[in-house]
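Comments concern the structure below.
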Amino acid sequence: MASTSRLLLHGSLPPPTTSISKTITGSHAVRALWHNNGKYPKEKTCIETPLLLQHNQKNHYTCDQIKRKHFVNATHAQSKNEPESQPDSAKPIWNSIKDVTHTIQKFSVFYALIGLLSGILSSSLLAVEKLSDLSPTFFISMLQFMAAYSSMQLYTTGVNQLADIEIDKINKPYRPLASSKISFGGGLAIVAASLFMSFGLALMIGSKPLLWGLILIFILMTAYSVNLPFLRWKKSTILTLLSGVPTILTAYNLAPYLHMKTFVLKKPFIFTRSLAFTTVVMTFFYVVISLFKDIPDIEGDKKEGLQTLSIRLGPKRVFWLCISLLEMTYGIAIIMGLTSPFLWSKIFTVMAHAINAWILWFRANSVDLKSKEDFQSFYMFIFKLLYLENVLVLFVR
């Protein structure tokens, strides 16, 4: 026995038989397999050193058992490290939801919808005289107004896209109708449903300012878009301004103010200083938006035969005309701010509009006037200035 032990220590024992070679220790073999990076060794490496052979035989673990145990442990450890993947059936549903959401955003011209909602909120708050006016009824009525005018917004953008499919294939190929994500019949159904929903809500609410504002917007924007005799006013710059500016001013500012003041709060209409400031400043903004929107669309408008100001004068001249009008707007805002009887309102209005005027000038000088993408990006920047102005008018006193 002592001789056998010495042979074992020196590793001079002959190779074991097949039956012995399949006998292996538990813990030591598992560690050996782990240190081998999960790769199973050949048959001969399944044996521990001769010193451990006797211990291995006591545990009665075979190579196959050790491999199975190692595979289960390795698989379990890997599952902990890897993030759980979504079921294959959930991915198409999620992708469909995202696709529908993006389509709705593009069809509704989402940045204009945000401008509408921010304008309604701002003008509604201008009608408030004291904190007690901010009741649950006030906010419910404001949300009802937003719902009705959002539906009309969907109608106006939708009918314009229906009339401009061929132009949008050149100017805005990403739009749902131009890219065929929505069929012409589908677009027509959305437009009709939005129109009926808008007027249906107005009749249910019973507010005259709300209803008459919707009627004015419906008439002007239909005349602007639809290609019928004496219509399609977008062919003329003057008619574009006459249809676009009153529409936006009514929807964003005048109608919500009158609705909240006379219908919800039951107070007489007063043309306050804040409303006068809003009307003047926002009118300039809406003129600029109506002119600037045609700059990136020159290519498609030319093929359609439209005579926009951007086609007549060129994009560079119209661009700087719009910048001049906006700078003039900020100058008027500063002058009106200086006449405020309240010191805090005077300081805030002057400083805020002076800073905006500087930012506008700095941003305008960074635009590449030969790049359609830069024009489109700056158009979005004008809307951001509009959103900000809807906040600033609340501090004018």
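Identifiers in the structure tokens: chain A, B, ... in order shown; residue index from 1 per chain; ligand index from 1 in order shown.
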*asked:* I want to know what sits within 12 Å of Pro209 in chain A, based on only C-alpha atoms, with residues of the same chain fewer than 6 positions away left out; could you give that as a ChimeraX atom specification?
replied: /A:145,149,202-203,215-216,250-251,253-264,269
Could you take the residues named above and write them with N, CA and C atoms, as a PDB file, in the first residue's frame?
ATOM      1  N   PHE A 145     -62.446  73.824 -24.677  1.00  0.00           N
ATOM      2  CA  PHE A 145     -62.063  74.723 -25.766  1.00  0.00           C
ATOM      3  C   PHE A 145     -60.890  74.135 -26.543  1.00  0.00           C
ATOM      4  N   TYR A 149     -60.864  73.134 -30.620  1.00  0.00           N
ATOM      5  CA  TYR A 149     -59.945  73.796 -31.553  1.00  0.00           C
ATOM      6  C   TYR A 149     -58.825  72.869 -32.024  1.00  0.00           C
ATOM      7  N   ALA A 202     -68.586  72.306 -30.084  1.00  0.00           N
ATOM      8  CA  ALA A 202     -68.969  73.717 -29.926  1.00  0.00           C
ATOM      9  C   ALA A 202     -70.464  73.849 -29.638  1.00  0.00           C
ATOM     10  N   LEU A 203     -71.268  73.070 -30.335  1.00  0.00           N
ATOM     11  CA  LEU A 203     -72.722  73.123 -30.115  1.00  0.00           C
ATOM     12  C   LEU A 203     -73.087  72.578 -28.743  1.00  0.00           C
ATOM     13  N   ILE A 215     -66.179  78.909 -36.958  1.00  0.00           N
ATOM     14  CA  ILE A 215     -66.761  79.202 -38.274  1.00  0.00           C
ATOM     15  C   ILE A 215     -65.802  80.045 -39.108  1.00  0.00           C
ATOM     16  N   LEU A 216     -65.200  81.065 -38.479  1.00  0.00           N
ATOM     17  CA  LEU A 216     -64.249  81.928 -39.194  1.00  0.00           C
ATOM     18  C   LEU A 216     -63.035  81.125 -39.676  1.00  0.00           C
ATOM     19  N   THR A 250     -57.263  84.496 -34.128  1.00  0.00           N
ATOM     20  CA  THR A 250     -58.550  84.115 -33.537  1.00  0.00           C
ATOM     21  C   THR A 250     -58.419  82.847 -32.704  1.00  0.00           C
ATOM     22  N   ALA A 251     -57.791  81.814 -33.285  1.00  0.00           N
ATOM     23  CA  ALA A 251     -57.699  80.520 -32.608  1.00  0.00           C
ATOM     24  C   ALA A 251     -56.805  80.575 -31.387  1.00  0.00           C
ATOM     25  N   ASN A 253     -55.626  83.370 -29.637  1.00  0.00           N
ATOM     26  CA  ASN A 253     -55.695  84.471 -28.671  1.00  0.00           C
ATOM     27  C   ASN A 253     -57.093  85.021 -28.425  1.00  0.00           C
ATOM     28  N   LEU A 254     -57.746  85.547 -29.461  1.00  0.00           N
ATOM     29  CA  LEU A 254     -58.990  86.284 -29.234  1.00  0.00           C
ATOM     30  C   LEU A 254     -60.138  85.382 -28.794  1.00  0.00           C
ATOM     31  N   ALA A 255     -60.350  84.280 -29.498  1.00  0.00           N
ATOM     32  CA  ALA A 255     -61.476  83.392 -29.158  1.00  0.00           C
ATOM     33  C   ALA A 255     -61.342  82.796 -27.757  1.00  0.00           C
ATOM     34  N   PRO A 256     -60.171  82.270 -27.366  1.00  0.00           N
ATOM     35  CA  PRO A 256     -60.086  81.737 -25.995  1.00  0.00           C
ATOM     36  C   PRO A 256     -60.262  82.801 -24.920  1.00  0.00           C
ATOM     37  N   TYR A 257     -59.767  84.010 -25.170  1.00  0.00           N
ATOM     38  CA  TYR A 257     -59.935  85.081 -24.185  1.00  0.00           C
ATOM     39  C   TYR A 257     -61.424  85.429 -24.025  1.00  0.00           C
ATOM     40  N   LEU A 258     -62.111  85.611 -25.140  1.00  0.00           N
ATOM     41  CA  LEU A 258     -63.537  85.947 -25.079  1.00  0.00           C
ATOM     42  C   LEU A 258     -64.352  84.813 -24.471  1.00  0.00           C
ATOM     43  N   HIS A 259     -63.998  83.577 -24.807  1.00  0.00           N
ATOM     44  CA  HIS A 259     -64.716  82.418 -24.267  1.00  0.00           C
ATOM     45  C   HIS A 259     -64.587  82.362 -22.749  1.00  0.00           C
ATOM     46  N   MET A 260     -63.390  82.502 -22.239  1.00  0.00           N
ATOM     47  CA  MET A 260     -63.187  82.402 -20.796  1.00  0.00           C
ATOM     48  C   MET A 260     -63.751  83.625 -20.064  1.00  0.00           C
ATOM     49  N   LYS A 261     -63.629  84.800 -20.676  1.00  0.00           N
ATOM     50  CA  LYS A 261     -64.054  86.031 -20.007  1.00  0.00           C
ATOM     51  C   LYS A 261     -65.578  86.144 -19.942  1.00  0.00           C
ATOM     52  N   THR A 262     -66.220  85.959 -21.073  1.00  0.00           N
ATOM     53  CA  THR A 262     -67.670  86.223 -21.137  1.00  0.00           C
ATOM     54  C   THR A 262     -68.524  84.988 -20.888  1.00  0.00           C
ATOM     55  N   PHE A 263     -68.067  83.819 -21.344  1.00  0.00           N
ATOM     56  CA  PHE A 263     -68.904  82.615 -21.220  1.00  0.00           C
ATOM     57  C   PHE A 263     -68.643  81.870 -19.919  1.00  0.00           C
ATOM     58  N   VAL A 264     -67.379  81.730 -19.535  1.00  0.00           N
ATOM     59  CA  VAL A 264     -67.043  80.940 -18.343  1.00  0.00           C
ATOM     60  C   VAL A 264     -67.099  81.796 -17.081  1.00  0.00           C
ATOM     61  N   PHE A 269     -66.629  92.028 -21.422  1.00  0.00           N
ATOM     62  CA  PHE A 269     -65.383  92.086 -22.177  1.00  0.00           C
ATOM     63  C   PHE A 269     -64.698  93.439 -21.956  1.00  0.00           C
TER      64      PHE A 269
END
*asked:* Need the shell around range 134-141 of chain A: protein/DNA/RNA residues with any atom at most 10 Å away, counting only C-alpha atoms. Skip same-chain ones fewer than 3 positions apart. Format as a ChimeraX atom specification?
replied: /A:121,124-125,128-131,144-147,205,259-260,263-265
*asked:* To one decimal place in Å, what is the distance between CA of Leu386 in chain A and CA of Trp212 in chain A?
replied: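 Between CA of Leu386 in chain A and CA of Trp212 in chain A the gap works out to 24.6 Å.
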*Would you mind listing what lies within 7 Å of range 241-244 of chain A as an MDAnalysis selection string, with only C-alpha atoms counted and same-chain residues fewer than 2 positions away left out?*
chainID A and resid 220:221 224 237:239 246:248 287 290
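Within the 6 Å cut-off around range 157-171 of chain A, using only C-alpha atoms and omitting residues fewer than 2 positions from it on the same chain, the listed residues are Leu154, Tyr155, Pro173, Ala178, Val191, Ser225, Asp297 and Gly300 of chain A.
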Any chance you can output those residues with C-alpha atoms as a PDB file, in the first residue's frame?
ATOM      1  CA  LEU A 154     -56.634  68.631 -37.494  1.00  0.00           C
ATOM      2  CA  TYR A 155     -59.187  69.645 -40.122  1.00  0.00           C
ATOM      3  CA  PRO A 173     -42.245  63.711 -48.644  1.00  0.00           C
ATOM      4  CA  ALA A 178     -47.419  62.199 -49.572  1.00  0.00           C
ATOM      5  CA  VAL A 191     -60.714  65.481 -42.027  1.00  0.00           C
ATOM      6  CA  SER A 225     -56.381  75.307 -49.316  1.00  0.00           C
ATOM      7  CA  ASP A 297     -41.089  75.022 -50.095  1.00  0.00           C
ATOM      8  CA  GLY A 300     -42.605  72.339 -55.056  1.00  0.00           C
TER       9      GLY A 300
END
*How far is it from CA of Cys322 in chain A to CA of Val281 in chain A, in Å with one decimal?*
13.8 Å
Residues near Gly337 in chain A, anyone? I mean within 12 Å using only C-alpha atoms, not counting same-chain ones fewer than 5 positions away, as a compact mmCIF listing (two decimals) with N, CA and C atoms, in the first residue's frame.
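What follows is the written file selection00.txt:
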# COMPACT_ATOMS: atom_id res chain seq x y z
N ARG A 273 -54.78 96.05 -21.16
CA ARG A 273 -53.44 96.35 -21.66
C ARG A 273 -52.72 95.06 -22.10
N SER A 274 -52.90 94.00 -21.32
CA SER A 274 -52.27 92.72 -21.65
C SER A 274 -52.80 92.16 -22.96
N ALA A 276 -54.11 93.94 -25.43
CA ALA A 276 -53.61 94.81 -26.51
C ALA A 276 -52.17 94.43 -26.87
N PHE A 277 -51.35 94.22 -25.85
CA PHE A 277 -49.96 93.81 -26.08
C PHE A 277 -49.92 92.48 -26.85
N THR A 278 -50.72 91.52 -26.40
CA THR A 278 -50.77 90.21 -27.04
C THR A 278 -51.20 90.32 -28.49
N VAL A 281 -48.27 92.14 -30.66
CA VAL A 281 -47.05 91.34 -30.78
C VAL A 281 -47.32 90.05 -31.56
N TYR A 330 -40.03 92.87 -31.29
CA TYR A 330 -39.40 92.96 -29.98
C TYR A 330 -39.18 94.42 -29.58
N GLY A 331 -38.92 95.28 -30.56
CA GLY A 331 -38.79 96.71 -30.26
C GLY A 331 -40.11 97.28 -29.75
N ILE A 332 -41.22 96.91 -30.39
CA ILE A 332 -42.55 97.38 -29.94
C ILE A 332 -42.84 96.85 -28.54
N PHE A 342 -46.21 99.37 -13.59
CA PHE A 342 -45.63 98.47 -12.59
C PHE A 342 -44.14 98.27 -12.88
N LEU A 343 -43.32 98.58 -11.89
CA LEU A 343 -41.87 98.52 -12.09
C LEU A 343 -41.40 97.11 -12.43
N TRP A 344 -41.91 96.09 -11.71
CA TRP A 344 -41.47 94.71 -11.94
C TRP A 344 -41.83 94.25 -13.35
N SER A 345 -43.02 94.64 -13.82
CA SER A 345 -43.45 94.28 -15.17
C SER A 345 -42.60 95.01 -16.22
N LYS A 346 -42.30 96.27 -15.93
CA LYS A 346 -41.48 97.07 -16.85
C LYS A 346 -40.10 96.44 -17.02
N ILE A 347 -39.44 96.10 -15.89
CA ILE A 347 -38.09 95.53 -15.95
C ILE A 347 -38.10 94.17 -16.65
N PHE A 348 -39.05 93.33 -16.26
CA PHE A 348 -39.09 91.98 -16.83
C PHE A 348 -39.37 92.01 -18.33
N THR A 349 -40.36 92.78 -18.75
CA THR A 349 -40.74 92.83 -20.16
C THR A 349 -39.61 93.37 -21.03
N VAL A 350 -38.96 94.43 -20.58
CA VAL A 350 -37.87 95.03 -21.35
C VAL A 350 -36.69 94.07 -21.46
N MET A 351 -36.27 93.51 -20.33
CA MET A 351 -35.10 92.64 -20.35
C MET A 351 -35.35 91.35 -21.13
N ALA A 352 -36.51 90.75 -20.95
CA ALA A 352 -36.81 89.49 -21.63
C ALA A 352 -36.83 89.66 -23.14
N HIS A 353 -37.45 90.74 -23.62
CA HIS A 353 -37.54 90.94 -25.07
C HIS A 353 -36.23 91.44 -25.67
N ALA A 354 -35.44 92.15 -24.87
CA ALA A 354 -34.12 92.55 -25.35
C ALA A 354 -33.22 91.32 -25.54
N LEU A 392 -44.36 85.01 -21.89
CA LEU A 392 -43.98 86.37 -21.52
C LEU A 392 -45.16 87.32 -21.44
N VAL A 393 -46.17 87.13 -22.29
CA VAL A 393 -47.31 88.06 -22.28
C VAL A 393 -48.07 88.03 -20.96
N PHE A 395 -46.85 88.33 -18.12
CA PHE A 395 -46.20 89.25 -17.17
C PHE A 395 -46.35 90.71 -17.57
N VAL A 396 -47.08 90.95 -18.63
CA VAL A 396 -47.27 92.34 -19.09
C VAL A 396 -48.44 92.94 -18.32
N ARG A 397 -48.19 94.07 -17.70
CA ARG A 397 -49.24 94.77 -16.93
C ARG A 397 -49.22 96.26 -17.24
*For the atom pair CA of Val391 in chain A and CA of Ser122 in chain A, what is the interatomic distance in Å to one decimal place?*
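Taking CA of Val391 in chain A as the start and CA of Ser122 in chain A as the end point, the length is 6.6 Å.
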